[in-house]
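A.B. asks: Below you'll find structure-v4.cif; it's mmCIF, C-alpha atoms.
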```cif
data_target
loop_
_atom_site.label_atom_id
_atom_site.label_comp_id
_atom_site.auth_asym_id
_atom_site.auth_seq_id
_atom_site.Cartn_x
_atom_site.Cartn_y
_atom_site.Cartn_z
CA MET A 24 84.63 94.19 71.24
CA LYS A 25 83.27 97.69 71.84
CA LYS A 26 85.84 100.37 72.61
CA LEU A 27 85.62 101.55 76.22
CA LYS A 28 84.91 105.21 76.92
CA THR A 29 87.76 105.20 79.43
CA ASN A 30 90.91 103.17 79.94
CA TYR A 31 90.18 101.50 83.28
CA SER A 32 93.64 99.99 83.73
CA ARG A 33 94.40 102.28 86.68
CA GLU A 34 91.10 101.47 88.36
CA ILE A 35 91.74 97.74 88.01
CA LYS A 36 95.26 98.16 89.38
CA LEU A 37 93.91 100.12 92.37
CA ILE A 38 91.21 97.51 93.05
CA LYS A 39 93.69 94.64 93.06
CA LYS A 40 96.11 96.57 95.26
CA SER A 41 93.40 97.45 97.79
CA ILE A 42 92.00 93.89 97.86
CA LYS A 43 95.47 92.55 98.59
CA LYS A 44 96.19 95.19 101.23
CA LEU A 45 92.94 94.55 103.12
CA ASP A 46 93.02 90.79 102.47
CA VAL A 47 89.48 90.68 101.08
CA ASP A 48 88.24 87.21 100.13
CA LEU A 49 84.65 86.76 98.94
CA SER A 50 85.16 83.25 97.61
CA GLY A 51 81.90 81.35 97.12
CA LEU A 52 79.71 84.38 97.94
CA THR A 53 77.00 86.07 95.89
CA VAL A 54 76.86 89.86 95.93
CA LEU A 55 74.03 92.25 95.10
CA THR A 56 75.29 95.75 94.38
CA GLU A 57 74.83 98.58 91.89
CA VAL A 58 76.48 99.70 88.71
CA GLY A 59 76.61 103.43 88.13
CA SER A 60 78.17 105.99 85.84
CA GLY A 61 81.68 107.40 85.98
CA SER A 62 83.89 105.78 88.61
CA TYR A 63 80.94 103.70 89.81
CA VAL A 64 80.87 101.67 86.59
CA ILE A 65 83.52 99.44 88.16
CA SER A 66 81.48 98.79 91.34
CA PRO A 67 80.40 95.24 90.31
CA ILE A 68 83.95 94.42 89.22
CA ILE A 69 85.35 94.87 92.73
CA PRO A 70 83.65 91.86 94.38
CA LEU A 71 84.44 89.70 91.35
CA LEU A 72 88.14 90.49 91.66
CA ALA A 73 87.80 89.64 95.37
CA GLY A 74 86.61 86.15 94.44
CA ALA A 75 82.82 86.43 94.50
CA LYS A 76 81.19 83.63 92.54
CA LYS A 77 78.30 85.81 91.30
CA VAL A 78 77.45 89.50 91.22
CA TYR A 79 74.00 90.96 90.58
CA ALA A 80 74.21 94.60 89.54
CA TRP A 81 71.19 96.91 89.67
CA THR A 82 71.00 100.17 87.79
CA ALA A 83 68.43 102.56 86.35
CA ASP A 84 68.04 105.48 83.99
CA SER A 85 68.92 108.67 85.85
CA ARG A 86 70.29 112.17 85.35
CA TYR A 87 73.75 110.58 85.39
CA GLY A 88 73.15 108.30 82.41
CA LYS A 89 71.10 105.61 80.69
CA ALA A 90 71.05 102.16 82.27
CA ALA A 91 71.77 100.49 78.93
CA ASP A 92 74.90 102.59 78.35
CA ILE A 93 76.19 101.98 81.88
CA ILE A 94 75.67 98.21 81.55
CA GLU A 95 77.38 98.13 78.17
CA GLU A 96 80.45 99.87 79.58
CA CYS A 97 80.66 97.63 82.66
CA LEU A 98 80.20 94.49 80.60
CA GLU A 99 83.12 95.41 78.35
CA ILE A 100 85.35 95.77 81.41
CA ALA A 101 84.12 92.39 82.68
CA LYS A 102 84.95 90.81 79.30
CA ILE A 103 88.52 92.14 79.42
CA LEU A 104 88.91 90.50 82.83
CA GLY A 105 87.14 87.30 81.78
CA VAL A 106 84.40 87.56 84.42
CA GLU A 107 81.46 88.47 82.17
CA ASN A 108 79.68 85.17 82.89
CA GLN A 109 79.69 85.88 86.62
CA ILE A 110 77.76 89.15 86.43
CA GLU A 111 74.05 89.68 85.83
CA PHE A 112 72.50 93.10 85.35
CA SER A 113 69.03 94.28 86.32
CA PRO A 114 68.16 97.61 84.62
CA ASN A 115 65.21 99.61 85.95
CA PHE A 116 63.97 96.63 87.98
CA LYS A 117 64.68 95.57 91.56
CA ASN A 118 64.68 91.83 91.09
CA PRO A 119 63.44 90.03 94.25
CA GLU A 120 64.90 86.70 93.12
CA GLN A 121 68.37 88.22 93.20
CA VAL A 122 67.76 89.45 96.75
CA LYS A 123 67.01 85.87 97.80
CA GLN A 124 70.32 84.66 96.33
CA ALA A 125 72.57 87.33 97.79
CA ASP A 126 74.99 86.72 100.66
CA ILE A 127 76.02 90.39 100.64
CA ILE A 128 73.81 93.35 99.75
CA THR A 129 75.50 96.75 99.56
CA ASN A 130 73.70 99.87 100.65
CA SER A 131 74.32 101.49 97.27
CA GLY A 132 72.33 104.18 95.48
CA PHE A 133 70.32 102.13 93.00
CA LEU A 134 69.39 99.60 95.69
CA ARG A 135 67.98 102.17 98.09
CA PRO A 136 65.84 102.28 100.04
CA LEU A 137 66.64 98.90 101.59
CA ASN A 138 63.27 98.46 103.28
CA GLU A 139 60.84 95.64 104.01
CA ILE A 140 59.70 95.53 100.37
CA ILE A 141 63.24 94.72 99.27
CA LEU A 142 64.41 92.70 102.26
CA LYS A 143 61.36 90.57 103.15
CA ASP A 144 62.73 87.48 101.37
CA ILE A 145 66.39 88.05 102.19
CA ASN A 146 68.77 85.14 102.65
CA PRO A 147 68.96 84.57 106.47
CA ARG A 148 72.78 84.75 106.41
CA CYS A 149 72.93 87.85 104.22
CA VAL A 150 74.83 90.87 105.55
CA ILE A 151 74.64 94.55 104.62
CA PRO A 152 77.76 96.75 104.64
CA LEU A 153 77.25 100.50 104.51
CA MET A 154 79.75 102.10 102.17
CA TYR A 155 80.06 104.98 104.62
CA GLU A 156 80.46 105.55 108.34
CA LYS A 157 77.89 104.61 110.96
CA TRP A 158 77.18 108.22 111.93
CA GLU A 159 76.19 109.04 108.33
CA LEU A 160 73.30 106.55 108.42
CA ARG A 161 70.08 107.92 106.91
CA ASP A 162 66.61 106.50 107.57
CA SER A 163 65.86 107.06 103.89
CA ASP A 164 68.64 104.61 102.93
CA ILE A 165 67.87 101.57 105.04
CA ASP A 166 65.23 100.43 107.52
CA ILE A 167 67.43 99.57 110.50
CA ALA A 168 64.46 98.60 112.71
CA TYR A 169 63.39 96.00 110.15
CA CYS A 170 66.97 94.71 109.88
CA GLN A 171 67.05 94.29 113.67
CA GLN A 172 63.71 92.48 113.57
CA LYS A 173 65.02 90.10 110.89
CA ASN A 174 68.45 89.72 112.57
CA ILE A 175 70.19 91.10 109.50
CA LYS A 176 73.75 92.18 110.25
CA VAL A 177 74.46 95.78 109.26
CA ALA A 178 77.69 97.69 109.82
CA GLY A 179 79.26 100.95 108.79
CA THR A 180 82.76 101.28 107.36
CA TRP A 181 85.47 103.24 109.16
CA GLU A 182 86.44 105.55 106.32
CA ASN A 183 89.53 106.96 107.98
CA HIS A 184 91.02 103.64 108.98
CA PRO A 185 94.84 104.04 108.70
CA SER A 186 94.87 101.50 105.86
CA ILE A 187 92.61 103.57 103.60
CA GLY A 188 92.34 107.18 104.88
CA VAL A 189 89.28 107.89 102.76
CA PHE A 190 87.38 110.49 104.80
CA THR A 191 90.29 112.93 104.86
CA GLY A 192 89.60 113.30 101.13
CA VAL A 193 86.58 115.52 101.81
CA GLY A 194 89.04 118.27 102.66
CA HIS A 195 90.85 117.82 99.36
CA LEU A 196 87.50 117.82 97.60
CA ALA A 197 86.64 121.15 99.24
CA ILE A 198 89.89 122.66 97.98
CA LYS A 199 89.29 121.38 94.46
CA LEU A 200 85.77 122.83 94.37
CA CYS A 201 86.95 126.22 95.63
CA LEU A 202 89.80 126.35 93.12
CA GLU A 203 87.39 125.49 90.31
CA ALA A 204 85.15 128.29 91.55
CA GLY A 205 88.03 130.67 90.84
CA MET A 206 89.02 131.12 94.48
CA GLU A 207 92.57 130.73 95.71
CA VAL A 208 91.86 129.32 99.20
CA TYR A 209 95.41 130.50 99.93
CA GLN A 210 95.16 133.78 101.89
CA ASN A 211 91.35 133.69 101.63
CA ASN A 212 88.89 134.22 104.48
CA ILE A 213 86.51 131.27 104.54
CA PHE A 214 83.40 130.45 106.54
CA ILE A 215 82.60 126.74 106.79
CA TRP A 216 78.92 126.09 107.54
CA SER A 217 78.97 122.70 109.28
CA ASP A 218 78.88 121.08 112.70
CA ASP A 219 80.10 117.60 111.78
CA HIS A 220 83.14 115.67 110.60
CA PHE A 221 82.85 117.07 107.08
CA GLY A 222 83.46 120.54 108.45
CA GLU A 223 86.33 119.39 110.67
CA GLU A 224 88.23 117.76 107.81
CA THR A 225 87.55 120.75 105.57
CA GLU A 226 88.82 123.21 108.17
CA THR A 227 92.05 121.23 108.51
CA ALA A 228 92.52 121.15 104.73
CA PHE A 229 91.88 124.88 104.24
CA LYS A 230 94.35 125.80 106.99
CA LYS A 231 97.04 123.50 105.58
CA PHE A 232 96.49 125.06 102.14
CA GLY A 233 97.23 128.52 103.56
CA ALA A 234 93.83 130.10 104.12
CA ASN A 235 94.09 133.38 106.00
CA LYS A 236 91.10 132.99 108.33
CA VAL A 237 88.85 129.95 108.66
CA TYR A 238 85.58 130.27 110.58
CA HIS A 239 83.61 127.14 111.36
CA SER A 240 80.06 127.34 112.72
CA THR A 241 76.34 126.97 112.05
CA LYS A 242 75.41 130.17 113.90
CA LYS A 243 74.03 132.92 111.70
CA GLU A 244 75.13 135.72 114.00
CA GLU A 245 78.74 134.55 113.70
CA PHE A 246 78.44 134.42 109.93
CA TYR A 247 76.97 137.92 109.59
CA THR A 248 79.57 139.33 112.01
CA VAL A 249 82.42 138.37 109.63
CA LEU A 250 80.51 138.40 106.33
CA GLU A 251 82.04 141.63 105.04
CA SER A 252 85.55 140.14 105.24
CA LEU A 253 84.73 136.77 103.66
CA ASP A 254 85.88 135.44 100.32
CA ILE A 255 84.11 132.06 100.49
CA LEU A 256 81.11 130.53 102.23
CA TYR A 257 81.52 126.74 102.09
CA LEU A 258 78.38 124.68 102.82
CA CYS A 259 79.03 121.12 103.98
CA ASP A 260 76.61 120.40 106.84
CA TYR A 261 75.52 116.79 106.29
CA ASP A 262 72.29 116.84 108.30
CA GLU A 263 70.89 120.27 107.41
CA LYS A 264 67.47 119.80 105.77
CA LYS A 265 66.32 123.42 105.64
CA SER A 266 66.77 125.40 102.45
CA TYR A 267 69.76 127.73 102.57
CA PHE A 268 68.63 130.58 100.34
CA SER A 269 64.95 130.17 99.39
CA GLU A 270 62.28 132.28 101.08
CA GLY A 271 62.25 131.42 104.77
CA GLY A 272 65.62 129.73 104.43
CA ILE A 273 68.72 129.98 106.59
CA PHE A 274 70.33 132.97 104.88
CA ASP A 275 69.00 136.36 103.77
CA LEU A 276 70.14 136.84 100.17
CA LYS A 277 69.41 140.56 100.19
CA LYS A 278 71.50 141.01 103.32
CA ILE A 279 74.39 139.01 101.89
CA LYS A 280 74.36 141.06 98.70
CA GLU A 281 74.26 144.36 100.59
CA ILE A 282 77.12 143.46 102.93
CA ASN A 283 79.37 141.47 100.56
CA SER A 284 78.36 141.23 96.92
CA SER A 285 81.70 139.61 96.02
CA LEU A 286 81.16 136.53 98.21
CA THR A 287 81.58 133.17 96.48
CA ILE A 288 79.39 130.34 97.75
CA VAL A 289 80.60 126.76 97.27
CA HIS A 290 78.33 123.85 98.23
CA LEU A 291 78.91 120.18 98.99
CA TYR A 292 75.74 119.44 100.95
CA GLY A 293 72.38 121.12 101.35
CA ASP A 294 69.29 122.45 99.63
CA VAL A 295 70.77 125.08 97.34
CA ASP A 296 68.86 126.70 94.47
CA HIS A 297 71.73 127.77 92.24
CA GLU A 298 69.41 129.54 89.78
CA LEU A 299 68.04 131.74 92.56
CA LEU A 300 71.56 132.78 93.52
CA GLN A 301 72.51 133.45 89.91
CA LYS A 302 69.42 135.66 89.49
CA ASN A 303 70.59 137.61 92.52
CA GLU A 304 74.06 137.95 90.98
CA ILE A 305 75.74 135.97 93.75
CA LYS A 306 78.47 133.59 92.62
CA ILE A 307 77.62 129.94 93.29
CA TYR A 308 79.64 126.80 92.53
CA PRO A 309 78.99 124.14 91.41
CA ALA A 310 76.32 125.74 89.23
CA LYS A 311 73.78 123.03 89.86
CA ARG A 312 71.04 122.23 92.33
CA GLY A 313 72.15 121.08 95.76
CA HIS A 314 70.18 118.61 97.88
CA ALA A 315 70.05 117.86 101.59
CA SER A 316 72.23 114.89 102.71
CA LEU A 317 73.41 114.34 99.13
CA MET A 318 76.89 115.31 97.99
CA THR A 319 76.99 117.80 95.14
CA GLU A 320 80.19 116.03 94.08
CA THR A 321 81.31 112.71 95.58
CA LEU A 322 84.87 111.72 96.40
CA ALA A 323 84.98 110.15 92.93
CA TYR A 324 85.35 113.73 91.68
CA LEU A 325 88.93 113.58 92.96
CA GLY A 326 89.64 110.40 90.99
CA PRO A 327 89.05 106.67 91.52
CA ASN A 328 91.48 105.92 94.35
CA LEU A 329 89.37 106.90 97.37
CA ILE A 330 86.15 105.38 96.00
CA VAL A 331 87.93 102.11 95.23
CA ASN A 332 89.43 102.00 98.74
CA LEU A 333 86.07 102.73 100.34
CA GLN A 334 84.23 100.05 98.41
CA VAL A 335 86.92 97.43 98.99
CA ALA A 336 86.87 98.29 102.70
CA GLY A 337 83.09 97.88 102.67
CA TYR A 338 83.51 94.36 101.31
CA LYS A 339 86.05 93.61 104.04
CA VAL A 340 83.37 94.67 106.53
CA ALA A 341 80.91 92.34 104.77
CA GLN A 342 83.41 89.48 104.84
CA SER A 343 83.97 89.88 108.57
CA MET A 344 80.22 90.01 109.29
CA TYR A 345 79.43 87.01 107.11
CA HIS A 346 82.08 84.82 108.70
CA GLY A 347 81.50 86.17 112.21
CA LYS A 348 85.00 87.57 112.58
CA ALA A 349 86.11 90.89 114.04
CA SER A 350 87.43 93.70 111.87
CA ASP A 351 88.53 97.14 113.03
CA LEU A 352 87.10 98.48 109.75
CA ALA A 353 83.57 97.48 110.84
CA GLN A 354 81.27 99.78 112.82
CA PRO A 355 78.48 97.41 114.02
CA ILE A 356 74.91 98.68 113.95
CA THR A 357 72.63 95.66 114.35
CA TYR A 358 74.89 93.07 115.95
#
```
Output the structure of this file as structure tokens.
C.D. replies:
Amino acid sequence: MKKLKTNYSREIKLIKKSIKKLDVDLSGLTVLTEVGSGSYVISPIIPLLAGAKKVYAWTADSRYGKAADIIEECLEIAKILGVENQIEFSPNFKNPEQVKQADIITNSGFLRPLNEIILKDINPRCVIPLMYEKWELRDSDIDIAYCQQKNIKVAGTWENHPSIGVFTGVGHLAIKLCLEAGMEVYQNNIFIWSDDHFGEETETAFKKFGANKVYHSTKKEEFYTVLESLDILYLCDYDEKKSYFSEGGIFDLKKIKEINSSLTIVHLYGDVDHELLQKNEIKIYPAKRGHASLMTETLAYLGPNLIVNLQVAGYKVAQSMYHGKASDLAQPITY
């Protein structure tokens, strides 16, 4: 047996604990989901440990890793648990036959977009849980109008349900990113650029961690008014599509440099050209390209616990939809 890159004993323990806590039972059901790199290599394992009879796992070559390597790692975990015969992988191919067989289809990265091309032959009883909250829904992820037309049940997952408390983790993630950027947070002056729940949770976390001043807005005049005093600009506006720093973007790089050349910019969401900032000698972290409505680092960056809880909760939402039962974890969208 091939040696695993990571010891996944903690992940397996967390999965089993969360399944028991939320009373998730997928007995007799077939699941179509993804298998990804890092913490997401265990994504197909979760429904199997919840009793699913079959799991189809889609993946593809990406900047995060090769499909073949990801499959090999996941398969070794499945072998340890004795469920390798219940999982079937589909690398670099969205297999329509597997869509027809699925009772649950997750709105996961390698399955997106879930549109008419993918869903036209869907099992009539199939349900789709979003592994995030209803308000985070993106048209680029799933064609809700088509799901309504086909009477496909779709629901979001309440991430901050008292049983899982996942969404609060975005504040902890903000602190980790700022600390890695070399900033203390404690006694710092921080401007949070956001007008949504990501900003609210981040503001709470920064204040609890001892930040001196925390400003929270998406108004440029407010930002420039306090810019000279700032230590950190934290970008976490989920819906912002406009470039932050490119020509014609939200911020004036020259102005920022003139007023406060020591500012550190940390980004979670948004179109951020890190190379442009580096050329202008402005500190940016993480030092990689940022994209609109895509997390620079996911909650998995904190460790596996929150991602496991979120995915297990998503399957509880799926279970409730499939069996027509209420669940306070579910945020109905098409039913």
A.B. asks: Give me the result of the PyMOL selection byres ((chain A and resi 78) around 6) on this file, residue by residue, as a PyMOL selection string.
C.D. replies: chain A and resi 53-55+77+79+110
A.B. asks: Nearest to His346 of chain A: which of A:Gln210, A:Asn235, A:Ser50, A:Thr248 is it, counting all atoms listed in the file?
C.D. replies: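 Closest to His346 of chain A, using all atoms listed in the file: A:Ser50.
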A.B. asks: Could you work out how far atom CA of Ala91 of chain A lies from atom CA of Ser113 of chain A, giving the answer in Å with one decimal?
C.D. replies: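 One can read the atom CA of Ser113 of chain A to atom CA of Ala91 of chain A distance as 10.0 Å.
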A.B. asks: Output the residue selection produced by the PyMOL selection byres ((chain A and resi 232) around 10) on the file above, formatted as an NGL selection string.
C.D. replies: :A and (195 or 198 or 207-210 or 226-231 or 233-235)
A.B. asks: Quote the spacing between atom CA of His184 of chain A and atom CA of Pro67 of chain A in Å to one decimal place.
C.D. replies: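 Between atom CA of His184 of chain A and atom CA of Pro67 of chain A the gap works out to 23.1 Å.
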A.B. asks: For the structure provided, state which residues fall under the PyMOL selection byres ((chain A and resi 291-298) around 8), and present them as an NGL selection string.
C.D. replies: :A and (197 or 257-261 or 263-269 or 289-290 or 299-302 or 307-308 or 310-320)
A.B. asks: With only C-alpha atoms as the basis for distance, which of A:Leu286, A:Leu137, A:Leu52, A:Val249 is at the shortest distance from Arg161 of chain A?
C.D. replies: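 Of A:Leu286, A:Leu137, A:Leu52, A:Val249, the one nearest Arg161 of chain A, counting only C-alpha atoms, is A:Leu137.
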A.B. asks: Hey, what's within 12 Å of Glu99 of chain A if we count only C-alpha atoms and toss same-chain stuff fewer than 5 positions away? As a list in words, please?
C.D. replies: Met24, Lys25, Lys26, Leu27, Lys28, Thr29, Asn30, Tyr31, Val64, Ile65, Ile68, Asp92, Ile93, Ile94, Leu104, Gly105, Val106, Glu107, Asn108 and Ile110 of chain A
A.B. asks: Hey, what's within 10 Å of Ser60 of chain A if we count only C-alpha atoms and toss same-chain stuff fewer than 2 positions away? As a list of chain:residue names, please?
C.D. replies: A:Val58, A:Ser62, A:Tyr63, A:Val64, A:Ile65, A:Ser66, A:Thr82, A:Ser85, A:Tyr87, A:Gly88, A:Lys89, A:Ala90, A:Asp92, A:Ile93, A:Ile94, A:Glu96, A:Cys97
A.B. asks: Measure the distance from atom CA of Ile305 of chain A to atom CA of Ser284 of chain A in Å and round it to one decimal.
C.D. replies: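 Distance between the two atoms: 6.7 Å.
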A.B. asks: Return segment 110-127 of chain A, completed with N, CA and C atoms, as a compact mmCIF listing (two decimals), keeping the file's coordinate frame.
C.D. replies:
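Saved to part-v3.txt:
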```txt
# COMPACT_ATOMS: atom_id res chain seq x y z
N ILE A 110 78.50 87.93 86.09
CA ILE A 110 77.76 89.15 86.43
C ILE A 110 76.43 89.17 85.69
N GLU A 111 75.39 89.59 86.41
CA GLU A 111 74.05 89.68 85.83
C GLU A 111 73.45 91.03 86.18
N PHE A 112 73.00 91.75 85.16
CA PHE A 112 72.50 93.10 85.35
C PHE A 112 70.97 93.12 85.45
N SER A 113 70.47 94.09 86.20
CA SER A 113 69.03 94.28 86.32
C SER A 113 68.72 95.77 86.14
N PRO A 114 68.43 96.19 84.88
CA PRO A 114 68.16 97.61 84.62
C PRO A 114 66.71 97.99 84.91
N ASN A 115 66.54 99.06 85.68
CA ASN A 115 65.21 99.61 85.95
C ASN A 115 64.25 98.59 86.58
N PHE A 116 64.81 97.65 87.32
CA PHE A 116 63.97 96.63 87.98
C PHE A 116 64.71 96.07 89.18
N LYS A 117 64.09 96.12 90.33
CA LYS A 117 64.68 95.57 91.56
C LYS A 117 64.21 94.13 91.70
N ASN A 118 65.04 93.24 91.23
CA ASN A 118 64.68 91.83 91.09
C ASN A 118 64.68 91.11 92.44
N PRO A 119 63.51 90.69 92.94
CA PRO A 119 63.44 90.03 94.25
C PRO A 119 64.14 88.68 94.28
N GLU A 120 64.22 87.99 93.15
CA GLU A 120 64.90 86.70 93.12
C GLU A 120 66.40 86.86 93.39
N GLN A 121 66.95 87.97 92.96
CA GLN A 121 68.37 88.22 93.20
C GLN A 121 68.63 88.55 94.67
N VAL A 122 67.66 89.19 95.31
CA VAL A 122 67.76 89.45 96.75
C VAL A 122 67.85 88.14 97.52
N LYS A 123 67.04 87.17 97.12
CA LYS A 123 67.01 85.87 97.80
C LYS A 123 68.35 85.15 97.69
N GLN A 124 69.07 85.38 96.58
CA GLN A 124 70.32 84.66 96.33
C GLN A 124 71.53 85.32 96.98
N ALA A 125 71.40 86.56 97.36
CA ALA A 125 72.57 87.33 97.79
C ALA A 125 73.04 86.97 99.20
N ASP A 126 74.36 86.88 99.35
CA ASP A 126 74.99 86.72 100.66
C ASP A 126 75.40 88.09 101.21
N ILE A 127 75.65 89.02 100.29
CA ILE A 127 76.02 90.39 100.64
C ILE A 127 75.17 91.34 99.80
```
